Structures are given as C-alpha cells and as structure tokens.
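Quick look at work.cif (mmCIF, C-alpha atoms):
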data_entry
loop_
_atom_site.group_PDB
_atom_site.id
_atom_site.type_symbol
_atom_site.label_atom_id
_atom_site.label_comp_id
_atom_site.auth_asym_id
_atom_site.auth_seq_id
_atom_site.Cartn_x
_atom_site.Cartn_y
_atom_site.Cartn_z
ATOM 1 C CA MET A 8 2.943 19.932 -1.556
ATOM 2 C CA ILE A 9 2.315 19.421 -5.265
ATOM 3 C CA SER A 10 3.673 21.726 -7.949
ATOM 4 C CA LEU A 11 2.061 21.494 -11.406
ATOM 5 C CA ASN A 12 3.917 23.392 -14.122
ATOM 6 C CA GLY A 13 5.494 25.666 -11.506
ATOM 7 C CA VAL A 14 2.316 26.354 -9.508
ATOM 8 C CA ILE A 15 1.553 24.909 -6.048
ATOM 9 C CA VAL A 16 -1.908 23.341 -6.152
ATOM 10 C CA LYS A 17 -4.326 22.582 -3.330
ATOM 11 C CA LEU A 18 -6.161 19.334 -2.735
ATOM 12 C CA GLU A 19 -9.481 20.842 -3.858
ATOM 13 C CA ASP A 20 -7.858 21.916 -7.129
ATOM 14 C CA LEU A 21 -7.333 18.243 -8.004
ATOM 15 C CA ASN A 22 -10.684 16.814 -6.875
ATOM 16 C CA LYS A 23 -12.261 16.913 -10.327
ATOM 17 C CA ALA A 24 -9.184 15.573 -12.106
ATOM 18 C CA ILE A 25 -8.407 12.772 -9.614
ATOM 19 C CA THR A 26 -11.502 10.671 -8.925
ATOM 20 C CA ASN A 27 -9.985 7.286 -8.014
ATOM 21 C CA SER A 28 -10.146 6.824 -4.226
ATOM 22 C CA GLU A 29 -6.722 5.162 -3.988
ATOM 23 C CA GLN A 30 -5.129 7.965 -5.980
ATOM 24 C CA LYS A 31 -6.924 10.558 -3.864
ATOM 25 C CA ALA A 32 -5.344 9.025 -0.757
ATOM 26 C CA ILE A 33 -1.881 9.484 -2.299
ATOM 27 C CA ILE A 34 -2.371 13.127 -3.274
ATOM 28 C CA LYS A 35 -3.760 13.814 0.207
ATOM 29 C CA GLN A 36 -0.452 12.499 1.585
ATOM 30 C CA MET A 37 1.545 14.614 -0.886
ATOM 31 C CA VAL A 38 -0.332 17.801 -0.076
ATOM 32 C CA GLY A 39 0.173 17.181 3.648
ATOM 33 C CA TYR A 40 3.982 17.065 3.475
ATOM 34 C CA ASN A 41 6.341 20.069 3.334
ATOM 35 C CA THR A 42 8.260 18.273 0.590
ATOM 36 C CA ILE A 43 7.388 19.667 -2.851
ATOM 37 C CA TYR A 44 6.599 17.085 -5.548
ATOM 38 C CA TYR A 45 7.205 18.675 -8.955
ATOM 39 C CA TYR A 46 5.299 17.731 -12.118
ATOM 40 C CA GLU A 47 5.361 19.328 -15.532
ATOM 41 C CA SER A 48 1.749 18.371 -16.226
ATOM 42 C CA LEU A 49 -1.348 16.810 -14.716
ATOM 43 C CA GLN A 50 -0.774 13.783 -16.985
ATOM 44 C CA GLN A 51 2.645 13.239 -15.452
ATOM 45 C CA LEU A 52 1.142 13.312 -11.946
ATOM 46 C CA LYS A 53 -1.631 10.918 -12.976
ATOM 47 C CA PHE A 54 0.957 8.525 -14.398
ATOM 48 C CA GLU A 55 2.803 8.374 -11.077
ATOM 49 C CA LEU A 56 -0.438 7.887 -9.159
ATOM 50 C CA THR A 57 -1.408 5.036 -11.481
ATOM 51 C CA PHE A 58 2.027 3.453 -11.085
ATOM 52 C CA ARG A 59 1.816 3.679 -7.286
ATOM 53 C CA VAL A 60 -1.627 2.041 -7.210
ATOM 54 C CA ASN A 61 -0.346 -0.645 -9.589
ATOM 55 C CA THR A 62 2.579 -1.222 -7.225
ATOM 56 C CA LEU A 63 0.099 -2.223 -4.522
ATOM 57 C CA LYS A 64 -1.734 -4.488 -6.971
ATOM 58 C CA ALA A 65 1.559 -6.122 -7.946
ATOM 59 C CA ALA A 66 2.614 -6.611 -4.316
ATOM 60 C CA THR A 67 -0.739 -8.155 -3.440
ATOM 61 C CA ALA A 68 -0.519 -10.467 -6.451
ATOM 62 C CA LEU A 69 2.964 -11.597 -5.451
ATOM 63 C CA ASP A 70 1.863 -12.118 -1.855
ATOM 64 C CA ASN A 71 -0.988 -14.341 -3.083
ATOM 65 C CA SER A 72 1.158 -16.202 -5.628
ATOM 66 C CA GLY A 73 2.671 -18.815 -3.331
ATOM 67 C CA ALA A 74 6.241 -17.761 -4.199
ATOM 68 C CA LYS A 75 8.572 -18.812 -1.409
ATOM 69 C CA PHE A 76 11.215 -16.923 0.536
ATOM 70 C CA THR A 77 14.778 -18.207 0.364
ATOM 71 C CA THR A 78 18.353 -16.969 0.055
ATOM 72 C CA PHE A 79 20.317 -16.487 -3.183
ATOM 73 C CA THR A 80 21.981 -19.858 -2.596
ATOM 74 C CA TYR A 81 18.708 -21.750 -2.794
ATOM 75 C CA SER A 82 16.680 -19.549 -5.144
ATOM 76 C CA PHE A 83 14.881 -21.136 -8.079
ATOM 77 C CA PRO A 84 12.590 -19.993 -10.940
ATOM 78 C CA ASN A 85 10.222 -21.708 -13.322
ATOM 79 C CA LYS A 86 12.759 -23.202 -15.734
ATOM 80 C CA LYS A 87 10.359 -22.841 -18.644
ATOM 81 C CA TYR A 88 10.888 -19.073 -18.652
ATOM 82 C CA TRP A 89 14.075 -18.391 -16.711
ATOM 83 C CA TYR A 90 17.697 -19.445 -16.433
ATOM 84 C CA ARG A 91 18.962 -19.634 -12.869
ATOM 85 C CA LEU A 92 22.430 -18.047 -12.805
ATOM 86 C CA PRO A 93 25.247 -19.083 -10.412
ATOM 87 C CA ASN A 94 24.706 -15.934 -8.327
ATOM 88 C CA GLY A 95 21.077 -16.884 -7.703
ATOM 89 C CA GLY A 96 19.632 -14.396 -10.176
ATOM 90 C CA PHE A 97 17.116 -15.163 -12.936
ATOM 91 C CA LEU A 98 17.644 -14.359 -16.625
ATOM 92 C CA LEU A 99 14.758 -14.554 -19.094
ATOM 93 C CA ARG A 100 15.136 -17.335 -21.658
ATOM 94 C CA GLU A 101 15.294 -16.551 -25.357
ATOM 95 C CA GLY A 102 12.018 -16.770 -27.230
ATOM 96 C CA PHE A 103 9.793 -15.399 -24.465
ATOM 97 C CA ASN A 104 8.369 -11.938 -24.045
ATOM 98 C CA PRO A 105 9.387 -10.233 -20.790
ATOM 99 C CA SER A 106 5.704 -9.748 -19.975
ATOM 100 C CA GLU A 107 5.179 -13.534 -20.129
ATOM 101 C CA GLY A 108 8.109 -14.216 -17.822
ATOM 102 C CA ILE A 109 7.229 -11.641 -15.187
ATOM 103 C CA GLU A 110 3.522 -12.529 -15.173
ATOM 104 C CA ASP A 111 4.354 -16.211 -14.722
ATOM 105 C CA ILE A 112 5.799 -15.408 -11.301
ATOM 106 C CA VAL A 113 2.381 -14.413 -9.981
ATOM 107 C CA LYS A 114 0.531 -17.095 -11.968
ATOM 108 C CA ASN A 115 2.830 -19.966 -10.933
ATOM 109 C CA GLY A 116 4.439 -18.603 -7.775
ATOM 110 C CA LYS A 117 4.912 -22.046 -6.236
ATOM 111 C CA LEU A 118 7.577 -22.688 -8.892
ATOM 112 C CA TYR A 119 9.677 -19.775 -7.559
ATOM 113 C CA ALA A 120 11.743 -18.919 -4.499
ATOM 114 C CA PHE A 121 13.826 -15.773 -3.902
ATOM 115 C CA GLU A 122 14.764 -13.247 -1.220
ATOM 116 C CA CYS A 123 13.140 -9.918 -0.366
ATOM 117 C CA ALA A 124 15.226 -7.541 -2.520
ATOM 118 C CA THR A 125 14.497 -9.546 -5.670
ATOM 119 C CA ALA A 126 10.837 -9.619 -4.602
ATOM 120 C CA ILE A 127 10.802 -5.818 -4.593
ATOM 121 C CA ALA A 128 12.323 -5.782 -8.089
ATOM 122 C CA ILE A 129 9.644 -8.218 -9.273
ATOM 123 C CA VAL A 130 6.894 -6.024 -7.804
ATOM 124 C CA LEU A 131 8.241 -2.924 -9.546
ATOM 125 C CA TYR A 132 8.606 -4.691 -12.890
ATOM 126 C CA ILE A 133 5.035 -6.014 -12.632
ATOM 127 C CA ALA A 134 3.805 -2.530 -11.715
ATOM 128 C CA THR A 135 5.654 -1.174 -14.760
ATOM 129 C CA LEU A 136 3.947 -3.770 -16.974
ATOM 130 C CA TYR A 137 0.528 -2.911 -15.539
ATOM 131 C CA THR A 138 1.195 0.802 -16.127
ATOM 132 C CA ILE A 139 2.811 1.006 -19.577
ATOM 133 C CA GLY A 140 1.281 -2.138 -21.092
ATOM 134 C CA PRO A 141 2.857 -5.261 -22.636
ATOM 135 C CA ARG A 142 3.931 -3.718 -25.960
ATOM 136 C CA ALA A 143 6.123 -1.031 -24.391
ATOM 137 C CA PHE A 144 7.256 -3.387 -21.625
ATOM 138 C CA ASN A 145 8.417 -6.017 -24.121
ATOM 139 C CA THR A 146 10.223 -3.356 -26.130
ATOM 140 C CA TYR A 147 12.258 -1.925 -23.258
ATOM 141 C CA PHE A 148 12.938 -4.983 -21.076
ATOM 142 C CA ARG A 149 13.849 -7.663 -23.619
ATOM 143 C CA ARG A 150 16.602 -9.427 -21.636
ATOM 144 C CA LEU A 151 14.960 -9.178 -18.253
ATOM 145 C CA TYR A 152 17.261 -9.991 -15.341
ATOM 146 C CA LEU A 153 16.068 -10.360 -11.747
ATOM 147 C CA MET A 154 18.690 -10.115 -9.039
ATOM 148 C CA ASP A 155 18.758 -8.168 -5.789
ATOM 149 C CA TRP A 156 18.775 -4.380 -6.442
ATOM 150 C CA GLN A 157 19.953 -4.613 -10.051
ATOM 151 C CA PHE A 158 17.472 -2.881 -12.354
ATOM 152 C CA ASP A 159 17.323 -2.306 -16.090
ATOM 153 C CA GLU A 160 18.385 1.208 -17.098
ATOM 154 C CA ASP A 161 14.820 1.840 -18.297
ATOM 155 C CA LEU A 162 13.529 1.290 -14.760
ATOM 156 C CA PRO A 163 15.751 3.735 -12.819
ATOM 157 C CA ILE A 164 15.507 3.519 -9.042
ATOM 158 C CA TYR A 165 16.819 5.971 -6.463
ATOM 159 C CA THR A 166 17.041 6.012 -2.674
ATOM 160 C CA ARG A 167 17.088 9.012 -0.361
ATOM 161 C CA ASP A 168 16.675 9.822 3.313
ATOM 162 C CA GLY A 169 13.277 11.071 4.377
ATOM 163 C CA GLU A 170 10.045 10.444 6.239
ATOM 164 C CA ASP A 171 7.570 11.617 3.593
ATOM 165 C CA PHE A 172 6.356 8.068 3.066
ATOM 166 C CA LEU A 173 3.850 7.735 0.219
ATOM 167 C CA ILE A 174 1.601 4.830 -0.704
ATOM 168 C CA GLY A 175 3.534 2.670 -3.178
ATOM 169 C CA ASP A 176 6.979 3.577 -1.797
ATOM 170 C CA VAL A 177 9.641 0.981 -1.076
ATOM 171 C CA LEU A 178 10.627 1.281 2.588
ATOM 172 C CA HIS A 179 13.153 -0.562 4.720
ATOM 173 C CA PHE A 180 13.099 -2.157 8.166
ATOM 174 C CA LYS A 181 16.559 -2.630 9.666
ATOM 175 C CA ASN A 182 17.527 -5.328 12.157
ATOM 176 C CA PRO A 183 20.913 -4.082 13.426
ATOM 177 C CA ASP A 184 21.483 -6.911 15.902
ATOM 178 C CA PHE A 185 20.498 -9.784 13.592
ATOM 179 C CA ASP A 186 21.438 -13.385 14.286
ATOM 180 C CA PRO A 187 24.725 -13.988 12.392
ATOM 181 C CA LYS A 188 23.460 -17.486 11.579
ATOM 182 C CA GLN A 189 20.525 -15.883 9.721
ATOM 183 C CA PRO A 190 22.072 -12.822 8.041
ATOM 184 C CA TRP A 191 19.244 -12.623 5.524
ATOM 185 C CA TRP A 192 17.108 -11.160 8.315
ATOM 186 C CA ARG A 193 19.413 -8.157 8.761
ATOM 187 C CA ALA A 194 16.666 -6.135 7.027
ATOM 188 C CA GLU A 195 13.302 -6.415 5.325
ATOM 189 C CA ASN A 196 12.431 -4.423 2.213
ATOM 190 C CA VAL A 197 8.731 -3.606 1.995
ATOM 191 C CA ILE A 198 6.052 -1.956 -0.127
ATOM 192 C CA TYR A 199 4.091 0.682 1.797
ATOM 193 C CA TYR A 200 0.277 0.470 1.558
ATOM 194 C CA GLY A 201 -0.453 3.384 3.875
ATOM 195 C CA ASP A 202 -2.222 3.157 7.243
ATOM 196 C CA ASP A 203 0.704 1.232 8.769
ATOM 197 C CA LYS A 204 0.439 -1.656 6.277
ATOM 198 C CA PHE A 205 3.470 -3.096 4.478
ATOM 199 C CA TYR A 206 4.183 -6.019 2.161
ATOM 200 C CA GLY A 207 7.449 -7.868 2.825
ATOM 201 C CA HIS A 208 8.362 -11.092 1.022
ATOM 202 C CA GLY A 209 8.556 -13.905 3.535
ATOM 203 C CA ILE A 210 6.442 -11.970 6.047
ATOM 204 C CA GLY A 211 3.326 -10.990 4.108
ATOM 205 C CA ILE A 212 1.152 -7.886 4.417
ATOM 206 C CA ARG A 213 1.515 -6.784 8.015
ATOM 207 C CA ASP A 214 1.654 -3.716 10.261
ATOM 208 C CA SER A 215 4.951 -2.287 11.485
ATOM 209 C CA LYS A 216 4.668 -3.801 14.968
ATOM 210 C CA THR A 217 4.262 -7.307 13.534
ATOM 211 C CA ILE A 218 7.246 -6.875 11.203
ATOM 212 C CA ILE A 219 9.435 -5.479 13.979
ATOM 213 C CA ASN A 220 8.427 -8.307 16.323
ATOM 214 C CA PHE A 221 9.230 -10.831 13.586
ATOM 215 C CA LEU A 222 12.695 -9.346 12.994
ATOM 216 C CA ASN A 223 13.331 -9.110 16.730
ATOM 217 C CA GLY A 224 12.806 -12.859 16.812
ATOM 218 C CA LYS A 225 15.733 -13.165 14.395
ATOM 219 C CA ARG A 226 18.282 -11.347 16.580
ATOM 220 C CA ARG A 227 21.447 -12.638 18.177
ATOM 221 C CA GLU A 228 21.205 -14.114 21.678
ATOM 222 C CA ASN A 229 20.837 -11.564 24.487
ATOM 223 C CA SER A 230 20.288 -8.745 22.024
ATOM 224 C CA THR A 231 18.675 -5.564 23.340
ATOM 225 C CA GLU A 232 18.604 -3.445 20.143
ATOM 226 C CA SER A 233 15.243 -3.578 18.382
ATOM 227 C CA ALA A 234 14.572 -3.632 14.667
ATOM 228 C CA TYR A 235 13.056 -0.401 13.342
ATOM 229 C CA LEU A 236 11.649 1.333 10.263
ATOM 230 C CA MET A 237 14.399 3.369 8.627
ATOM 231 C CA ARG A 238 14.159 7.005 7.507
ATOM 232 C CA MET A 239 14.892 5.904 3.966
ATOM 233 C CA ILE A 240 12.739 5.812 0.833
ATOM 234 C CA THR A 241 13.322 3.995 -2.454
ATOM 235 C CA ARG A 242 11.334 5.045 -5.516
ATOM 236 C CA PRO A 243 11.334 4.518 -9.262
ATOM 237 C CA ASN A 244 12.079 7.620 -11.307
ATOM 238 C CA TYR A 245 8.488 7.963 -12.466
ATOM 239 C CA LYS A 246 9.235 10.874 -14.806
ATOM 240 C CA THR A 247 11.709 8.750 -16.792
ATOM 241 C CA ILE A 248 9.342 5.770 -16.984
ATOM 242 C CA TYR A 249 6.545 8.138 -18.109
ATOM 243 C CA LEU A 250 8.473 8.617 -21.362
ATOM 244 C CA LEU A 251 8.358 4.865 -22.143
ATOM 245 C CA ARG A 252 4.608 4.808 -22.804
#

Transcribe the structure of this file into structure tokens.
Amino acid sequence: MISLNGVIVKLEDLNKAITNSEQKAIIKQMVGYNTIYYYESLQQLKFELTFRVNTLKAATALDNSGAKFTTFTYSFPNKKYWYRLPNGGFLLREGFNPSEGIEDIVKNGKLYAFECATAIAIVLYIATLYTIGPRAFNTYFRRLYLMDWQFDEDLPIYTRDGEDFLIGDVLHFKNPDFDPKQPWWRAENVIYYGDDKFYGHGIGIRDSKTIINFLNGKRRENSTESAYLMRMITRPNYKTIYLLR
C-alpha cells in the first residue's frame, strides 16, 4: 500500500501522475503488498521510482561493461582514476570528479575487476548519479571509496527482513553449504528486475533457478543443502537522498 501525506492511495489514483511503464510496474507491486510505503508528497514517491528505474539501468550498464568478477585479493581498477588500496578497495584519485570515476567503470569495464558486494555499491552510486545529476553527485561524494558494503554517509543503506520485493531492490541469495575452497560463493548479492530476473556480478542477468543452480555448483562435496533466495531486502534510504537534489 502507498500512503501519500497520510492518505492511502489506490493504483487508479496514480495513473495520471505516473505514466512511465517501468514506474507503473513498481507502484503496482507496492499497492499489492500489505506493507505501507509512506511518502510526504507525490514528488518524493516519483523520486524513488526514478531511482529504482535508474538502478536497473545502472545494473544493465555494469553487466554490459566487461568488468570482471574476482576476490578482494585480486581486484583492480583503472589506475587513471582510482587508487587500489591494500584491502582491495578503490579510492578516487585527486583531481577527478566522482562522476568521472564512477562512469569510467561502465565505459572501460575491462580495466576493472571486483566482487559482488562492491558491484552492488557501484550500481547504487551510478543510479544516484543518474538520479541527482553530476553537480550534486560531485558535491556530496568527493572522496568516493568503493569497498564491499561501505557506503558514503550521503548514500545511506539499510537492510531488513521481508518478502515485499520491489523492482530495484538489492536481494541476496545464500549458499549455506559453499565449497570452503571458494568462500566467495557463500552468497550472491543481486539487483531485482521483477518477473524473476536478477543481476548478479559474475553471473549476469538471470532467473532465480539459474542463479541457484550456479551456486549449487559451488558447494562442498556431497552437500545436500541448496542455495536459496533469502527473506532479506537491502535498500537505499531514498527519502534522505531526495534531499541531495
């Protein structure tokens, strides 16, 4: 359900205001859940819808970029824009705008390799850039740092239990019986496209069965416990990012 300024609205109430087909698919999901999504204004709702659609665009761009999957030990960036730190993270070099550095990852993906959590961070930063524009992005993310689940304070992220999956959410496949020789396949963090489609770095845009089968191929010998999609959702705090525009 959707609450606008304290009032629950129906899908037909939003048809004139929301005309984009991808955004319409998201509000149809929202209206269909018992969870109440609260917004102070229609503009605030539209901002989140735009961000979610841009998250899919960012994930698709990263998937098409040629960026490779690897572990923190072997990660590497384009040295023109980024320092590689001892922990495997990337720190933006002085003299470059954050928008230049983050866009280079999709333009020159073959010069990069990282694991799936950092890939999710990259997707969300790119989606933020697409949504708030380069001027605001360069103002708030000057010393951009890409590493695992570490986000700038101006891009707050939260995780909660739930099954009200929405297009643009970050979801998580767990592989509880992973091969100890390949611990990086203990899980796969993904962007949800709706209709059983997910983007996971190192796997691509696939359905849940394909991802589960892939992870099951990375289990310990004689394992009988399958990988599965967790009841867990990770989202940016859209209302906070809305104020950065």

For Lys117 of chain A, the nearest of the candidates A:Phe144, A:Asn71, A:Tyr88, A:Thr135, counting only C-alpha atoms: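 Distance minimum relative to Lys117 of chain A lands on A:Asn71.
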
Return the single residue from A:Lys23, A:His179, A:Lys204, A:Arg193 that is closest to Arg227 of chain A, with distances computed using only C-alpha atoms. A:Arg193

Computed gap from atom CA of Tyr132 of chain A to atom CA of Ala65 of chain A is 8.7 Å

Run through the PyMOL selection byres ((chain A and resi 138) around 9) on the given coordinates and return the selected residues as a list in words.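 Applying the PyMOL selection byres ((chain A and resi 138) around 9) to the structure shown produces Phe54, Thr57, Phe58, Asn61, Ile133, Ala134, Thr135, Leu136, Tyr137, Ile139, Gly140 and Arg252 of chain A.
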
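All residues of protein, DNA or RNA that reach within 9 Å of Gly116 of chain A, judged by only C-alpha atoms and not counting those fewer than 2 positions away in the chain, are Leu69, Asn71, Ser72, Gly73, Ala74, Lys75, Pro84, Asn85, Asp111, Ile112, Val113, Lys114, Leu118, Tyr119 and Ala120 of chain A.
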
Using the chain letters and numbers from the file, give me the residues hit by the PyMOL selection byres ((chain A and resi 8) around 7), as a list of chain:residue names.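 Applying the PyMOL selection byres ((chain A and resi 8) around 7) to the structure shown produces A:Ile9, A:Ser10, A:Ile15, A:Met37, A:Val38, A:Gly39, A:Tyr40, A:Asn41, A:Thr42, A:Ile43, A:Tyr44.
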
How about saving the chosen residues, C-alpha atoms kept, as a JSON list (two decimals), in the coordinates of the input?
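Written output follows (result.json):
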[["chain", "number", "residue", "atom", "x", "y", "z"],
["A", 9, "ILE", "CA", 2.32, 19.42, -5.26],
["A", 10, "SER", "CA", 3.67, 21.73, -7.95],
["A", 15, "ILE", "CA", 1.55, 24.91, -6.05],
["A", 37, "MET", "CA", 1.54, 14.61, -0.89],
["A", 38, "VAL", "CA", -0.33, 17.80, -0.08],
["A", 39, "GLY", "CA", 0.17, 17.18, 3.65],
["A", 40, "TYR", "CA", 3.98, 17.07, 3.48],
["A", 41, "ASN", "CA", 6.34, 20.07, 3.33],
["A", 42, "THR", "CA", 8.26, 18.27, 0.59],
["A", 43, "ILE", "CA", 7.39, 19.67, -2.85],
["A", 44, "TYR", "CA", 6.60, 17.08, -5.55]]

Residues near Ala126 of chain A, anyone? I mean within 9 Å using all atoms listed in the file, not counting same-chain ones fewer than 5 positions away, as a compact mmCIF listing (two decimals) with C-alpha atoms, keeping the file's coordinate frame.
# COMPACT_ATOMS: atom_id res chain seq x y z
CA ALA A 66 2.61 -6.61 -4.32
CA LEU A 69 2.96 -11.60 -5.45
CA PHE A 76 11.22 -16.92 0.54
CA PHE A 121 13.83 -15.77 -3.90
CA LEU A 131 8.24 -2.92 -9.55
CA LEU A 153 16.07 -10.36 -11.75
CA ASP A 155 18.76 -8.17 -5.79
CA ASN A 196 12.43 -4.42 2.21
CA GLY A 207 7.45 -7.87 2.82
CA HIS A 208 8.36 -11.09 1.02

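Restricting the calculation to all atoms listed in the file, the smallest distance between Tyr46 of chain A and any of A:Leu11, A:Ile174, A:Gln189, A:Asp70 is found for A:Leu11.
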
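With all atoms listed in the file as the atoms that count, the residue of A:Met239, A:Leu18, A:Ala194, A:Leu63 with the shortest distance to Asp171 of chain A is A:Met239.
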
Residue nearest Gly96 of chain A among A:Lys64, A:Phe158, A:Glu110, A:Arg149 (counting only C-alpha atoms):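 Once distances to Gly96 of chain A are computed over only C-alpha atoms, the minimum belongs to A:Phe158.
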
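Within 7 Å of segment 231-237 of chain A, once all atoms listed in the file are used and residues closer than 5 positions along the same chain are dropped, the contacting residues are A:His179, A:Phe180, A:Lys181, A:Asn182, A:Pro183, A:Asp184, A:Ile219, A:Leu222, A:Asn223.
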
What is the atom CA of Asp186 of chain A-atom CA of Glu228 of chain A distance in Å, reported with one decimal?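 Result for atom CA of Asp186 of chain A versus atom CA of Glu228 of chain A: 7.4 Å, one decimal.
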
Using only C-alpha atoms, which of A:Gly175, A:Gly102, A:Gly108, A:Gly13 sits nearest Leu56 of chain A? A:Gly175

How far is it from atom CA of Cys123 of chain A to atom CA of Lys216 of chain A, in Å with one decimal?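 Computing the Euclidean distance for atom CA of Cys123 of chain A and atom CA of Lys216 of chain A yields 18.6 Å.
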
Any chance you could work out the residue set of the PyMOL selection byres ((chain A and resi 173) around 10) here, as a PDB file with C-alpha atoms, in the coordinates of the input?
ATOM      1  CA  ALA A  32      -5.344   9.025  -0.757  1.00  0.00           C
ATOM      2  CA  ILE A  33      -1.881   9.484  -2.299  1.00  0.00           C
ATOM      3  CA  ILE A  34      -2.371  13.127  -3.274  1.00  0.00           C
ATOM      4  CA  LYS A  35      -3.760  13.814   0.207  1.00  0.00           C
ATOM      5  CA  GLN A  36      -0.452  12.499   1.585  1.00  0.00           C
ATOM      6  CA  MET A  37       1.545  14.614  -0.886  1.00  0.00           C
ATOM      7  CA  TYR A  40       3.982  17.065   3.475  1.00  0.00           C
ATOM      8  CA  ARG A  59       1.816   3.679  -7.286  1.00  0.00           C
ATOM      9  CA  GLU A 170      10.045  10.444   6.239  1.00  0.00           C
ATOM     10  CA  ASP A 171       7.570  11.617   3.593  1.00  0.00           C
ATOM     11  CA  PHE A 172       6.356   8.068   3.066  1.00  0.00           C
ATOM     12  CA  ILE A 174       1.601   4.830  -0.704  1.00  0.00           C
ATOM     13  CA  GLY A 175       3.534   2.670  -3.178  1.00  0.00           C
ATOM     14  CA  ASP A 176       6.979   3.577  -1.797  1.00  0.00           C
ATOM     15  CA  VAL A 177       9.641   0.981  -1.076  1.00  0.00           C
ATOM     16  CA  LEU A 178      10.627   1.281   2.588  1.00  0.00           C
ATOM     17  CA  ILE A 198       6.052  -1.956  -0.127  1.00  0.00           C
ATOM     18  CA  TYR A 199       4.091   0.682   1.797  1.00  0.00           C
ATOM     19  CA  TYR A 200       0.277   0.470   1.558  1.00  0.00           C
ATOM     20  CA  GLY A 201      -0.453   3.384   3.875  1.00  0.00           C
ATOM     21  CA  ILE A 240      12.739   5.812   0.833  1.00  0.00           C
ATOM     22  CA  ARG A 242      11.334   5.045  -5.516  1.00  0.00           C
TER      23      ARG A 242
END

Please define a box with edges along x, y and z of the file around all atoms of segment 178-183 of chain A given in the file, extend it by 8 Å on each side, and return its centre and edge lengths in Å to one decimal, as lines of an AutoDock Vina configuration file.
center_x = 15.8
center_y = -2.0
center_z = 8.0
size_x = 26.3
size_y = 22.6
size_z = 26.8
